[in-house]
Every structure is written in C-alpha cells, then in structure tokens.
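Trainee: What follows is target-v8.cif, made up of mmCIF, C-alpha atoms and all ligand atoms:
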data_start
#
loop_
_atom_site.label_atom_id
_atom_site.label_comp_id
_atom_site.auth_asym_id
_atom_site.auth_seq_id
_atom_site.Cartn_x
_atom_site.Cartn_y
_atom_site.Cartn_z
CA MET W 261 153.66 204.87 113.22
CA ALA W 262 156.86 203.09 112.30
CA THR W 263 156.95 201.37 115.72
CA GLU W 264 153.45 200.04 115.28
CA VAL W 265 154.37 198.46 112.00
CA ARG W 266 157.45 196.84 113.55
CA ILE W 267 155.45 195.38 116.45
CA GLU W 268 153.16 193.83 113.91
CA SER W 269 155.99 192.36 111.91
CA ASN W 270 157.56 190.87 115.05
CA GLN W 271 154.47 188.82 115.64
CA ARG W 272 154.90 185.14 114.83
CA LEU W 273 151.82 183.24 115.90
CA ARG W 274 153.53 179.91 115.31
CA ARG W 275 155.93 180.44 118.24
CA MET W 276 153.38 179.34 120.81
CA ARG W 277 152.52 176.30 118.71
CA MET W 278 156.04 174.90 118.53
CA THR W 279 155.92 172.53 121.52
CA SER W 280 153.20 170.57 123.19
CA ALA W 281 153.96 172.41 126.47
CA PHE W 282 153.44 175.82 124.81
CA ARG W 283 150.28 174.65 123.12
CA SER W 284 148.79 173.46 126.37
CA MET W 285 149.75 176.73 128.15
CA VAL W 286 147.68 178.84 125.75
CA ARG W 287 144.83 176.37 125.19
CA GLU W 288 141.53 178.21 125.64
CA THR W 289 139.08 175.32 125.82
CA GLU W 290 139.70 172.22 127.90
CA LEU W 291 137.24 169.33 127.99
CA SER W 292 136.49 167.56 131.25
CA PRO W 293 134.27 164.57 132.08
CA ASN W 294 132.51 167.07 134.34
CA ASP W 295 131.08 168.71 131.20
CA PHE W 296 129.20 165.58 130.12
CA ILE W 297 125.70 164.23 130.63
CA TYR W 298 125.31 160.61 129.48
CA PRO W 299 122.00 159.54 127.85
CA LEU W 300 120.64 156.07 128.68
CA PHE W 301 117.67 153.99 127.50
CA ALA W 302 115.71 151.91 130.02
CA VAL W 303 113.56 148.94 128.99
CA PRO W 304 111.48 146.43 130.99
CA GLY W 305 112.93 143.04 131.90
CA LYS W 306 116.10 141.65 133.42
CA LYS W 307 119.59 141.16 131.98
CA VAL W 308 118.60 142.99 128.80
CA ARG W 309 121.43 144.79 127.00
CA ARG W 310 120.47 145.28 123.36
CA GLU W 311 122.72 147.32 121.10
CA ILE W 312 121.06 149.93 118.87
CA SER W 313 122.07 148.93 115.34
CA SER W 314 122.48 152.53 114.15
CA MET W 315 124.33 153.58 117.33
CA PRO W 316 127.22 151.19 118.04
CA GLY W 317 128.10 151.24 121.75
CA VAL W 318 124.64 152.46 122.82
CA TYR W 319 122.19 150.01 124.39
CA GLN W 320 118.62 149.57 125.52
CA GLN W 321 119.09 148.19 129.02
CA SER W 322 116.95 146.71 131.75
CA ILE W 323 117.28 148.39 135.15
CA ASP W 324 119.85 145.90 136.55
CA GLU W 325 122.17 146.47 133.58
CA LEU W 326 121.55 150.21 133.51
CA VAL W 327 122.55 150.49 137.19
CA LYS W 328 125.87 148.76 136.42
CA ASP W 329 126.43 151.13 133.52
CA CYS W 330 125.75 154.12 135.80
CA ILE W 331 128.25 152.88 138.39
CA GLU W 332 130.89 152.82 135.65
CA THR W 333 129.74 156.19 134.29
CA TYR W 334 130.06 157.84 137.69
CA SER W 335 133.45 156.24 138.33
CA LEU W 336 134.71 157.88 135.11
CA GLY W 337 134.00 161.31 136.61
CA ILE W 338 130.78 161.94 134.67
CA PRO W 339 128.43 163.68 137.13
CA ALA W 340 125.06 163.12 135.46
CA VAL W 341 122.91 160.89 133.25
CA ILE W 342 119.68 161.61 131.38
CA LEU W 343 117.13 158.80 131.18
CA PHE W 344 114.76 157.80 128.39
CA GLY W 345 112.23 155.01 128.92
CA ILE W 346 110.58 152.49 126.65
CA PRO W 347 107.38 151.28 128.35
CA GLU W 348 105.83 147.81 128.34
CA HIS W 349 102.68 149.15 126.66
CA LYS W 350 101.93 152.24 124.63
CA ASP W 351 98.52 153.94 124.32
CA ASP W 352 97.12 157.07 122.71
CA VAL W 353 97.58 159.20 125.86
CA GLY W 354 101.01 157.85 126.82
CA SER W 355 99.91 156.71 130.27
CA GLY W 356 103.17 154.82 130.85
CA ALA W 357 104.85 158.22 131.11
CA TYR W 358 103.07 159.28 134.31
CA ASP W 359 102.53 155.87 135.93
CA GLU W 360 104.21 155.96 139.34
CA ASN W 361 105.49 152.45 138.62
CA GLY W 362 106.48 153.24 135.05
CA ILE W 363 109.85 152.31 133.60
CA ILE W 364 111.52 155.66 134.39
CA GLN W 365 110.04 155.95 137.87
CA GLN W 366 111.39 152.47 138.72
CA THR W 367 114.76 153.21 137.14
CA VAL W 368 115.14 156.45 139.10
CA ARG W 369 114.36 154.71 142.39
CA ALA W 370 116.94 152.00 141.67
CA LEU W 371 119.62 154.53 140.70
CA LYS W 372 119.07 156.77 143.73
CA LYS W 373 119.47 153.66 145.89
CA GLU W 374 122.52 152.15 144.16
CA VAL W 375 124.43 155.25 142.94
CA PRO W 376 123.09 158.08 145.13
CA GLU W 377 125.77 160.63 144.19
CA LEU W 378 125.01 160.40 140.47
CA VAL W 379 122.78 163.25 139.25
CA VAL W 380 119.73 161.64 137.66
CA ILE W 381 118.01 163.79 135.05
CA THR W 382 114.80 162.55 133.43
CA ASP W 383 113.66 163.41 129.92
CA VAL W 384 110.01 164.45 130.02
CA CYS W 385 108.03 163.81 126.83
CA LEU W 386 105.27 161.51 125.67
CA CYS W 387 106.63 160.26 122.34
CA GLU W 388 108.18 157.08 123.77
CA TYR W 389 104.86 156.28 125.46
CA THR W 390 102.20 157.07 122.84
CA SER W 391 101.02 154.44 120.37
CA HIS W 392 101.18 157.06 117.57
CA GLY W 393 104.68 158.21 118.55
CA HIS W 394 103.79 161.89 118.97
CA CYS W 395 105.01 164.07 121.82
CA GLY W 396 101.48 164.89 122.97
CA ILE W 397 97.81 164.07 122.54
CA VAL W 398 96.50 164.06 118.98
CA HIS W 399 93.04 165.41 118.07
CA GLY W 400 92.30 164.93 114.37
CA ASP W 401 95.54 165.95 112.73
CA GLU W 402 96.59 168.40 115.45
CA ILE W 403 99.07 167.70 118.24
CA VAL W 404 97.26 169.68 120.93
CA ASN W 405 99.20 171.94 123.27
CA ASP W 406 97.51 172.57 126.59
CA ALA W 407 96.05 169.13 127.27
CA SER W 408 99.46 167.62 126.47
CA VAL W 409 101.20 170.05 128.84
CA GLU W 410 98.91 168.88 131.62
CA LEU W 411 100.08 165.29 131.09
CA LEU W 412 103.71 166.44 131.02
CA THR W 413 103.26 168.06 134.44
CA LYS W 414 102.00 164.72 135.77
CA GLU W 415 104.99 162.96 134.22
CA ALA W 416 107.45 165.46 135.72
CA LEU W 417 105.85 165.18 139.16
CA THR W 418 106.08 161.37 139.21
CA HIS W 419 109.74 161.63 138.22
CA ALA W 420 110.43 164.03 141.09
CA GLN W 421 108.48 161.81 143.50
CA ALA W 422 110.62 158.84 142.42
CA GLY W 423 113.72 160.87 143.33
CA ALA W 424 114.88 162.51 140.10
CA ASP W 425 117.42 165.28 140.71
CA MET W 426 116.49 167.32 137.64
CA ILE W 427 113.67 167.40 135.09
CA ALA W 428 114.29 167.90 131.38
CA PRO W 429 111.19 168.61 129.25
CA SER W 430 111.95 167.84 125.59
CA ASP W 431 108.57 168.41 123.96
CA MET W 432 108.69 172.10 122.79
CA PHE W 433 105.03 172.81 123.61
CA ASP W 434 104.22 176.36 124.68
CA GLY W 435 104.05 177.07 128.40
CA ARG W 436 105.30 173.73 129.63
CA ILE W 437 108.22 175.02 131.70
CA GLY W 438 105.97 177.34 133.70
CA ALA W 439 103.31 174.65 134.15
CA ILE W 440 105.85 172.06 135.33
CA ARG W 441 107.56 174.62 137.61
CA THR W 442 104.21 175.42 139.25
CA VAL W 443 103.31 171.77 139.84
CA LEU W 444 106.76 170.97 141.24
CA ASP W 445 106.61 173.99 143.56
CA GLU W 446 103.13 173.11 144.80
CA ASN W 447 104.37 169.63 145.71
CA ASN W 448 107.43 170.63 147.72
CA PHE W 449 109.91 170.19 144.88
CA LYS W 450 110.96 173.86 144.83
CA ASN W 451 114.64 172.90 144.68
CA ILE W 452 114.41 170.46 141.77
CA PRO W 453 115.89 172.30 138.76
CA ILE W 454 114.54 172.21 135.23
CA MET W 455 116.83 171.82 132.22
CA SER W 456 114.67 172.84 129.28
CA TYR W 457 115.16 171.70 125.73
CA ALA W 458 114.68 175.38 124.95
CA ALA W 459 115.73 175.64 121.30
CA LYS W 460 115.03 172.23 119.86
CA TYR W 461 114.90 171.96 116.10
CA ALA W 462 112.85 169.61 113.88
CA SER W 463 115.94 167.71 112.79
CA GLY W 464 116.84 164.77 110.61
CA TYR W 465 119.68 164.08 113.06
CA TYR W 466 117.28 162.38 115.52
CA GLY W 467 116.82 159.35 113.24
CA PRO W 468 118.94 156.84 115.19
CA PHE W 469 117.48 157.98 118.53
CA ARG W 470 114.01 157.09 117.32
CA GLU W 471 115.24 153.54 116.77
CA ALA W 472 116.71 153.53 120.30
CA ALA W 473 113.61 155.04 121.93
CA GLU W 474 111.10 153.36 119.60
CA SER W 475 109.47 156.78 119.16
CA THR W 476 109.17 157.31 115.41
CA PRO W 477 105.82 159.03 114.70
CA LYS W 478 103.40 156.70 112.89
CA PHE W 479 102.11 159.61 110.77
CA GLY W 480 103.12 163.22 110.21
CA ASP W 481 106.16 164.79 111.84
CA ARG W 482 107.23 167.13 114.67
CA ARG W 483 107.36 170.35 112.67
CA SER W 484 104.31 171.87 114.38
CA HIS W 485 106.15 172.07 117.70
CA GLN W 486 109.91 171.71 117.07
CA MET W 487 111.71 174.65 115.45
CA ASP W 488 112.42 175.33 111.79
CA PRO W 489 116.19 174.77 111.20
CA ALA W 490 116.34 178.05 109.28
CA ASN W 491 115.56 180.22 112.33
CA SER W 492 117.89 181.86 114.81
CA ASP W 493 116.06 184.92 116.27
CA GLU W 494 113.17 182.62 117.11
CA ALA W 495 115.55 180.45 119.14
CA LEU W 496 116.28 183.45 121.35
CA ARG W 497 112.54 184.02 121.88
CA GLU W 498 112.10 180.34 122.82
CA VAL W 499 115.01 180.47 125.28
CA GLU W 500 113.86 183.77 126.79
CA GLN W 501 110.38 182.36 127.30
CA ASP W 502 111.73 179.30 129.11
CA ILE W 503 113.95 181.44 131.35
CA ILE W 504 110.98 183.63 132.27
CA GLU W 505 109.01 180.47 133.06
CA GLY W 506 111.75 179.25 135.39
CA ALA W 507 114.26 177.14 133.44
CA ASP W 508 117.56 176.72 135.28
CA ILE W 509 119.60 175.35 132.37
CA VAL W 510 118.75 176.03 128.73
CA MET W 511 119.59 173.58 125.98
CA VAL W 512 120.20 173.89 122.27
CA LYS W 513 119.60 170.77 120.19
CA PRO W 514 121.10 169.42 117.94
CA ALA W 515 124.62 170.81 118.44
CA LEU W 516 126.70 170.66 115.28
CA ALA W 517 124.49 172.34 112.70
CA TYR W 518 123.51 174.85 115.42
CA MET W 519 126.81 176.08 116.86
CA ASP W 520 125.81 179.68 116.05
CA ILE W 521 122.68 179.21 118.16
CA ILE W 522 124.71 177.88 121.09
CA ARG W 523 126.95 180.96 120.89
CA ARG W 524 124.05 183.42 120.59
CA VAL W 525 122.16 181.85 123.48
CA LYS W 526 125.22 181.88 125.74
CA GLU W 527 126.12 185.48 124.91
CA THR W 528 122.57 186.77 125.13
CA PHE W 529 121.44 185.20 128.38
CA ASN W 530 124.58 184.18 130.34
CA MET W 531 122.66 181.17 131.58
CA PRO W 532 124.07 177.69 132.17
CA THR W 533 123.81 176.41 128.61
CA ALA W 534 123.69 172.81 127.46
CA ALA W 535 124.00 171.39 123.95
CA TYR W 536 122.76 167.98 122.81
CA ASN W 537 125.27 166.17 120.60
CA VAL W 538 122.45 164.06 119.17
CA SER W 539 122.19 160.51 117.89
CA GLY W 540 122.78 161.28 114.20
CA GLU W 541 125.90 163.27 115.05
CA TYR W 542 127.19 160.26 116.98
CA SER W 543 126.25 157.75 114.29
CA MET W 544 127.95 159.71 111.51
CA ILE W 545 131.28 159.67 113.34
CA LYS W 546 130.91 155.98 114.24
CA ALA W 547 130.04 155.03 110.66
CA ALA W 548 132.87 156.99 109.08
CA ALA W 549 135.34 155.60 111.63
CA ARG W 550 134.18 152.03 110.94
CA ASN W 551 134.88 152.61 107.29
CA GLY W 552 138.39 153.76 108.17
CA TRP W 553 137.60 157.21 106.77
CA ILE W 554 138.30 159.24 109.92
CA ASP W 555 140.16 158.81 113.19
CA GLU W 556 137.31 158.27 115.66
CA GLU W 557 139.07 159.39 118.82
CA ARG W 558 140.42 162.54 117.25
CA VAL W 559 137.15 163.55 115.60
CA MET W 560 135.20 162.81 118.79
CA LEU W 561 137.41 165.10 120.88
CA GLU W 562 137.46 167.80 118.21
CA THR W 563 133.66 167.71 117.99
CA LEU W 564 133.13 167.94 121.75
CA THR W 565 135.76 170.69 122.06
CA GLY W 566 134.01 172.63 119.28
CA ILE W 567 130.67 172.40 121.05
CA LYS W 568 132.22 173.65 124.29
CA ARG W 569 134.14 176.41 122.47
CA ALA W 570 130.86 177.54 120.89
CA GLY W 571 129.55 178.26 124.39
CA ALA W 572 128.13 175.06 125.87
CA ASP W 573 128.79 174.55 129.58
CA LEU W 574 127.33 171.06 129.42
CA ILE W 575 127.21 168.51 126.60
CA LEU W 576 124.70 165.68 126.41
CA THR W 577 126.60 163.05 124.45
CA TYR W 578 126.66 159.33 123.72
CA PHE W 579 130.46 159.76 123.61
CA ALA W 580 130.59 160.70 127.33
CA LYS W 581 132.19 157.46 128.56
CA ASP W 582 134.55 157.09 125.57
CA ALA W 583 135.68 160.70 125.90
CA ALA W 584 136.12 160.46 129.68
CA LYS W 585 138.35 157.40 129.18
CA VAL W 586 140.52 159.22 126.65
CA LEU W 587 140.75 162.34 128.84
CA ALA W 588 141.87 160.21 131.80
CA ARG W 589 144.84 158.97 129.70
CA LYS W 590 145.94 162.43 128.56
C1 LIG F 1 112.00 163.18 122.60
C2 LIG F 1 113.46 163.33 122.33
C3 LIG F 1 114.15 163.19 121.11
C4 LIG F 1 115.50 163.32 121.40
C5 LIG F 1 115.60 163.58 122.76
N1 LIG F 1 114.32 163.59 123.31
C6 LIG F 1 113.69 162.82 119.77
C7 LIG F 1 112.70 163.60 119.03
O1 LIG F 1 112.36 164.75 119.35
O2 LIG F 1 112.20 163.01 118.07
C8 LIG F 1 116.61 163.19 120.39
C9 LIG F 1 117.93 162.78 120.92
C10 LIG F 1 118.90 162.26 119.92
O3 LIG F 1 118.67 162.25 118.69
O4 LIG F 1 119.98 161.84 120.37
N2 LIG F 1 111.21 164.29 122.42
ZN ZN F 2 108.86 163.89 122.15
#
Starting from the coordinates I provided, produce the structure as structure tokens.
Ligand code: PBG
Ligand code: ZN
Mentor:
Amino acid sequence: MATEVRIESNQRLRRMRMTSAFRSMVRETELSPNDFIYPLFAVPGKKVRREISSMPGVYQQSIDELVKDCIETYSLGIPAVILFGIPEHKDDVGSGAYDENGIIQQTVRALKKEVPELVVITDVCLCEYTSHGHCGIVHGDEIVNDASVELLTKEALTHAQAGADMIAPSDMFDGRIGAIRTVLDENNFKNIPIMSYAAKYASGYYGPFREAAESTPKFGDRRSHQMDPANSDEALREVEQDIIEGADIVMVKPALAYMDIIRRVKETFNMPTAAYNVSGEYSMIKAAARNGWIDEERVMLETLTGIKRAGADLILTYFAKDAAKVLARK
C-alpha cells in the first residue's frame, strides 16, 4: 500500500515536457503531408484563377491553372486531390455532371496526363450541375432518391472512364454506394475504390464552399438527405450501411464540431477513416488570423493535429499546401 502511494507521488508529468527533444520523443500524433487530400475547383476557360472571397488562398481555376497547382501540390508530398467542377451550363437534371466531356471529365484526363502519380479523387454529386442547386432531381418539393442515384452512377462511371483513381459520392442518398459499386464493377472498374461521404451533416459550415462551387440551393435546404447535427448513433448506421455496400474509405464531415463522431467511427469499424475540414472551418481561421486575433500557423497545425488525434487517417483540407510547407520546415 505504502509503496503504491510513493510511486504515485514520484510521478511528475512535467519532466517529459521540459525540452523540445523530450516532447518530440513522447509525441503521440504526428502530422504528415501524406495525411492530406487537397480540394480543388475546376471551371471552364483558360488562364482563369479567381479567388473565392470567403476563402482566401482558394481559387476557381481553369484546367491549365489547376494542372500547375497540382504539380506544386504533388511536389509538396501531398498524395491526392479531390475535384469539384463548375459547369458551363446548369439544368434541372444536372447533365453536365455525367457528360463525358464535362468539366471534371476533362480535368481528370489532363491531370492523369500531366501529373500521373497524383491520386485524383472526384466528388460525385449533382448540386454544382443543377439549375436549382440541389444534390438530386426535384419532383414537387421532394428531392427524389432512386432516380437521382441512377444519375450519380452515370456520373461516377464517366469519372472512372476519364481516369479517376477514386470516386467520392457526397450526396447522402440511400443506396448510392452499392449502386455505384455495381456499375463500376460491371464496367471493369473493380479496382477503383470508393471514398464515401458516409456521415455528412446538414451544416452551416458549408457556406463558403457554396460560393466556391456555385451550389447554393435556390429554395429549401439539404436537411432531407444530410444528417441532423444532433445525431451520433445514426452516424454509425450510415457508416455501417456504406461499408456493407462496398465503401473503401469512410468520411465524417464536417470535422471540428464532429470530433466525437470521427472517434466513434474509427473505433467501431477500424476502417480507413477520413474527415473533411470544411470551408467554414477554414474561413473562420483565416478571418480571425487576418484580424490579428489568432496565430494562423499555430491554429492551423493544432486543428489538423486534433482531427488526426480524434481518429482520422486522412484529412481533406484547404490548408493542405500551407501545412505541408510548414511541416517541411520543421
Ligand atoms: C456537395 C459538397 C459540399 C461540400 C462537399 N461536397 C457542399 C454541400 O453539401 O452543400 C462541402 C465542402 C466544404 O464546405 O468545404 N454535395
Ligand atoms: Zn450535393
């Protein structure tokens, strides 16, 4: 008994914090550029590089500019990008999404030619391509499920045919992972993995992205398909469903208000788990830093470390290049 008490009193947790060498020896979570997936926005045209006003440092880019950006991204040790497209024309069925010469299909072909080693992931959804800004087809006031899923399978197939290395459905309709998996398999794309936006919440943090992707819904909202922020058990059911349907990587989105979900998903399923450090999370740090209220570099690294510590193996983040540059200096 007495010995136990003494062992306890001999413990001084500050000892291993006293020098930078000690701190780094016992550090549990280490960020690497290898953890990051960099999101990019493709637009029609040439020599276009338009900054998103609510996301300093993030641009809508034409293919020529986006290719240059990807060469830099890859040279920083970032293995993968995820692409979003803004089409020339929008219509009520989002046909630009599954046009074999659509903006994403062209961008993928250019990237696989110019930066073949870079992993090209494509976001699959209709909201950037529909005139009403919804993720699927709208009948009356309902965003319909099954007919929309059918269009998403066409979109995913054209991405794979263009050379995409991985498909990332972001819609949250029921059954879409299984439907896309089946269509890919039937067309000899058995080895193209799917990263599913498995637990994606109806979040106010997507605001700046909708400026970047020009995908704000013209009426209504996304609450009939994206998850209620109050729910956690339901996230596990969503993730389980996507795994059963064939998802290879499961994603939680957003990241910061959902760290508990990241942890539960990782511990429950032991799957490769991604977290999306979304646009609003990026913009808040940028805005506060511009006001001189926080140290941008420090808060960026602390945020990304926290997301990884919560259980994310991969982080989709607009900070990917900035963070990779800082990590290279350390
Ligand atoms: C499209 C999509 C969205 C994001 C990724 N894919 C927006 C939305 O659901 O409205 C958000 C990404 C971000 O905010 O950075 N379905
Ligand atoms: Zn969408």
Trainee: Write as an MDAnalysis selection string the residues around ligand LIG 1 (chain F), taking 9 Å as the cut-off and counting all atoms listed in the file.
Mentor: chainID W and resid 299 344 383:388 393:395 429:432 457 460:470 472:473 475:477 481:482 486 513:514 536:542 576:578
Trainee: Next, the residues of the selection above should be written as a PDB file, in the frame of the given file with C-alpha atoms.
Mentor:
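Final file, out_2.pdb:
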ATOM      1  CA  PRO W 299     122.000 159.540 127.850  1.00  0.00           C
ATOM      2  CA  PHE W 344     114.760 157.800 128.390  1.00  0.00           C
ATOM      3  CA  ASP W 383     113.660 163.410 129.920  1.00  0.00           C
ATOM      4  CA  VAL W 384     110.010 164.450 130.020  1.00  0.00           C
ATOM      5  CA  CYS W 385     108.030 163.810 126.830  1.00  0.00           C
ATOM      6  CA  LEU W 386     105.270 161.510 125.670  1.00  0.00           C
ATOM      7  CA  CYS W 387     106.630 160.260 122.340  1.00  0.00           C
ATOM      8  CA  GLU W 388     108.180 157.080 123.770  1.00  0.00           C
ATOM      9  CA  GLY W 393     104.680 158.210 118.550  1.00  0.00           C
ATOM     10  CA  HIS W 394     103.790 161.890 118.970  1.00  0.00           C
ATOM     11  CA  CYS W 395     105.010 164.070 121.820  1.00  0.00           C
ATOM     12  CA  PRO W 429     111.190 168.610 129.250  1.00  0.00           C
ATOM     13  CA  SER W 430     111.950 167.840 125.590  1.00  0.00           C
ATOM     14  CA  ASP W 431     108.570 168.410 123.960  1.00  0.00           C
ATOM     15  CA  MET W 432     108.690 172.100 122.790  1.00  0.00           C
ATOM     16  CA  TYR W 457     115.160 171.700 125.730  1.00  0.00           C
ATOM     17  CA  LYS W 460     115.030 172.230 119.860  1.00  0.00           C
ATOM     18  CA  TYR W 461     114.900 171.960 116.100  1.00  0.00           C
ATOM     19  CA  ALA W 462     112.850 169.610 113.880  1.00  0.00           C
ATOM     20  CA  SER W 463     115.940 167.710 112.790  1.00  0.00           C
ATOM     21  CA  GLY W 464     116.840 164.770 110.610  1.00  0.00           C
ATOM     22  CA  TYR W 465     119.680 164.080 113.060  1.00  0.00           C
ATOM     23  CA  TYR W 466     117.280 162.380 115.520  1.00  0.00           C
ATOM     24  CA  GLY W 467     116.820 159.350 113.240  1.00  0.00           C
ATOM     25  CA  PRO W 468     118.940 156.840 115.190  1.00  0.00           C
ATOM     26  CA  PHE W 469     117.480 157.980 118.530  1.00  0.00           C
ATOM     27  CA  ARG W 470     114.010 157.090 117.320  1.00  0.00           C
ATOM     28  CA  ALA W 472     116.710 153.530 120.300  1.00  0.00           C
ATOM     29  CA  ALA W 473     113.610 155.040 121.930  1.00  0.00           C
ATOM     30  CA  SER W 475     109.470 156.780 119.160  1.00  0.00           C
ATOM     31  CA  THR W 476     109.170 157.310 115.410  1.00  0.00           C
ATOM     32  CA  PRO W 477     105.820 159.030 114.700  1.00  0.00           C
ATOM     33  CA  ASP W 481     106.160 164.790 111.840  1.00  0.00           C
ATOM     34  CA  ARG W 482     107.230 167.130 114.670  1.00  0.00           C
ATOM     35  CA  GLN W 486     109.910 171.710 117.070  1.00  0.00           C
ATOM     36  CA  LYS W 513     119.600 170.770 120.190  1.00  0.00           C
ATOM     37  CA  PRO W 514     121.100 169.420 117.940  1.00  0.00           C
ATOM     38  CA  TYR W 536     122.760 167.980 122.810  1.00  0.00           C
ATOM     39  CA  ASN W 537     125.270 166.170 120.600  1.00  0.00           C
ATOM     40  CA  VAL W 538     122.450 164.060 119.170  1.00  0.00           C
ATOM     41  CA  SER W 539     122.190 160.510 117.890  1.00  0.00           C
ATOM     42  CA  GLY W 540     122.780 161.280 114.200  1.00  0.00           C
ATOM     43  CA  GLU W 541     125.900 163.270 115.050  1.00  0.00           C
ATOM     44  CA  TYR W 542     127.190 160.260 116.980  1.00  0.00           C
ATOM     45  CA  LEU W 576     124.700 165.680 126.410  1.00  0.00           C
ATOM     46  CA  THR W 577     126.600 163.050 124.450  1.00  0.00           C
ATOM     47  CA  TYR W 578     126.660 159.330 123.720  1.00  0.00           C
TER      48      TYR W 578
END
Trainee: Could you tell me how far CA of Thr565 (chain W) lies from CA of Leu291 (chain W), in Å and to one decimal?
Mentor: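 Interatomic distance, CA of Thr565 (chain W) to CA of Leu291 (chain W): 6.3 Å.
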Trainee: Identify, on the basis of only C-alpha atoms, every residue whose closest approach to region 330-338 of chain W does not exceed 9 Å; exclude the query and any residue fewer than 6 positions from it along the same chain; express the result as a list in words.
Mentor: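 Here the qualifying residues turn out to be Ser292, Pro293, Asn294, Asp295, Phe296, Ile297, Tyr298, Leu300, Leu371, Glu374, Val375, Glu377, Leu378, Ala580, Lys581, Ala584, Lys585 and Ala588 of chain W.
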Trainee: Restricting the calculation to all atoms listed in the file: of W:Gly396, W:Gly435, W:Gly354, W:Pro339, which residue gets closest to ligand ZN 2 (chain F)?
Mentor: W:Gly396
Trainee: Just to confirm, what's the straight-line distance from CA of Ala507 (chain W) to CA of Gly480 (chain W) in Å (one decimal)?
Mentor: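 Going from CA of Ala507 (chain W) over to CA of Gly480 (chain W), I get 29.3 Å.
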Trainee: Extract, using only C-alpha atoms, all DNA, RNA and protein residues at most 6 Å from region 318-322 of chain W, discarding same-chain residues fewer than 6 positions from it, and format them as number ranges by chain.
Mentor: W: 301-306, 308-312
Trainee: Could you dump the residues just selected with C-alpha atoms as a CSV table (one decimal), in the frame of the given file?
Mentor:
chain,number,residue,atom,x,y,z
W,301,PHE,CA,117.7,154.0,127.5
W,302,ALA,CA,115.7,151.9,130.0
W,303,VAL,CA,113.6,148.9,129.0
W,304,PRO,CA,111.5,146.4,131.0
W,305,GLY,CA,112.9,143.0,131.9
W,306,LYS,CA,116.1,141.6,133.4
W,308,VAL,CA,118.6,143.0,128.8
W,309,ARG,CA,121.4,144.8,127.0
W,310,ARG,CA,120.5,145.3,123.4
W,311,GLU,CA,122.7,147.3,121.1
W,312,ILE,CA,121.1,149.9,118.9
Trainee: W:Ala281, W:Met276, W:Val286, W:Val409: which is nearest ligand ZN 2 (chain F), counting all atoms listed in the file?
Mentor: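 Of the candidates, the smallest distance to ligand ZN 2 (chain F) is held by W:Val409.
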Trainee: N, CA and C atoms are needed for region 413-425 of chain W; please write them out as a PDB file, keeping the file's coordinate frame.
Mentor:
ATOM      1  N   THR W 413     103.072 167.675 133.029  1.00  0.00           N
ATOM      2  CA  THR W 413     103.260 168.060 134.440  1.00  0.00           C
ATOM      3  C   THR W 413     103.104 166.837 135.346  1.00  0.00           C
ATOM      4  N   LYS W 414     102.179 165.956 134.977  1.00  0.00           N
ATOM      5  CA  LYS W 414     102.000 164.720 135.770  1.00  0.00           C
ATOM      6  C   LYS W 414     103.249 163.841 135.663  1.00  0.00           C
ATOM      7  N   GLU W 415     103.784 163.758 134.435  1.00  0.00           N
ATOM      8  CA  GLU W 415     104.990 162.960 134.220  1.00  0.00           C
ATOM      9  C   GLU W 415     106.146 163.512 135.055  1.00  0.00           C
ATOM     10  N   ALA W 416     106.347 164.829 134.987  1.00  0.00           N
ATOM     11  CA  ALA W 416     107.450 165.460 135.720  1.00  0.00           C
ATOM     12  C   ALA W 416     107.292 165.226 137.222  1.00  0.00           C
ATOM     13  N   LEU W 417     106.066 165.359 137.721  1.00  0.00           N
ATOM     14  CA  LEU W 417     105.850 165.180 139.160  1.00  0.00           C
ATOM     15  C   LEU W 417     106.180 163.751 139.608  1.00  0.00           C
ATOM     16  N   THR W 418     105.766 162.749 138.819  1.00  0.00           N
ATOM     17  CA  THR W 418     106.080 161.370 139.210  1.00  0.00           C
ATOM     18  C   THR W 418     107.586 161.099 139.149  1.00  0.00           C
ATOM     19  N   HIS W 419     108.282 161.776 138.257  1.00  0.00           N
ATOM     20  CA  HIS W 419     109.740 161.630 138.220  1.00  0.00           C
ATOM     21  C   HIS W 419     110.356 162.208 139.489  1.00  0.00           C
ATOM     22  N   ALA W 420     109.892 163.396 139.878  1.00  0.00           N
ATOM     23  CA  ALA W 420     110.430 164.030 141.090  1.00  0.00           C
ATOM     24  C   ALA W 420     110.095 163.171 142.314  1.00  0.00           C
ATOM     25  N   GLN W 421     108.878 162.648 142.357  1.00  0.00           N
ATOM     26  CA  GLN W 421     108.480 161.810 143.500  1.00  0.00           C
ATOM     27  C   GLN W 421     109.326 160.539 143.582  1.00  0.00           C
ATOM     28  N   ALA W 422     109.769 160.046 142.430  1.00  0.00           N
ATOM     29  CA  ALA W 422     110.620 158.840 142.420  1.00  0.00           C
ATOM     30  C   ALA W 422     112.037 159.173 142.864  1.00  0.00           C
ATOM     31  N   GLY W 423     112.396 160.468 142.857  1.00  0.00           N
ATOM     32  CA  GLY W 423     113.720 160.870 143.330  1.00  0.00           C
ATOM     33  C   GLY W 423     114.617 161.514 142.298  1.00  0.00           C
ATOM     34  N   ALA W 424     114.056 161.867 141.138  1.00  0.00           N
ATOM     35  CA  ALA W 424     114.880 162.510 140.100  1.00  0.00           C
ATOM     36  C   ALA W 424     115.475 163.811 140.640  1.00  0.00           C
ATOM     37  N   ASP W 425     116.726 164.077 140.241  1.00  0.00           N
ATOM     38  CA  ASP W 425     117.420 165.280 140.710  1.00  0.00           C
ATOM     39  C   ASP W 425     117.136 166.484 139.826  1.00  0.00           C
TER      40      ASP W 425
END
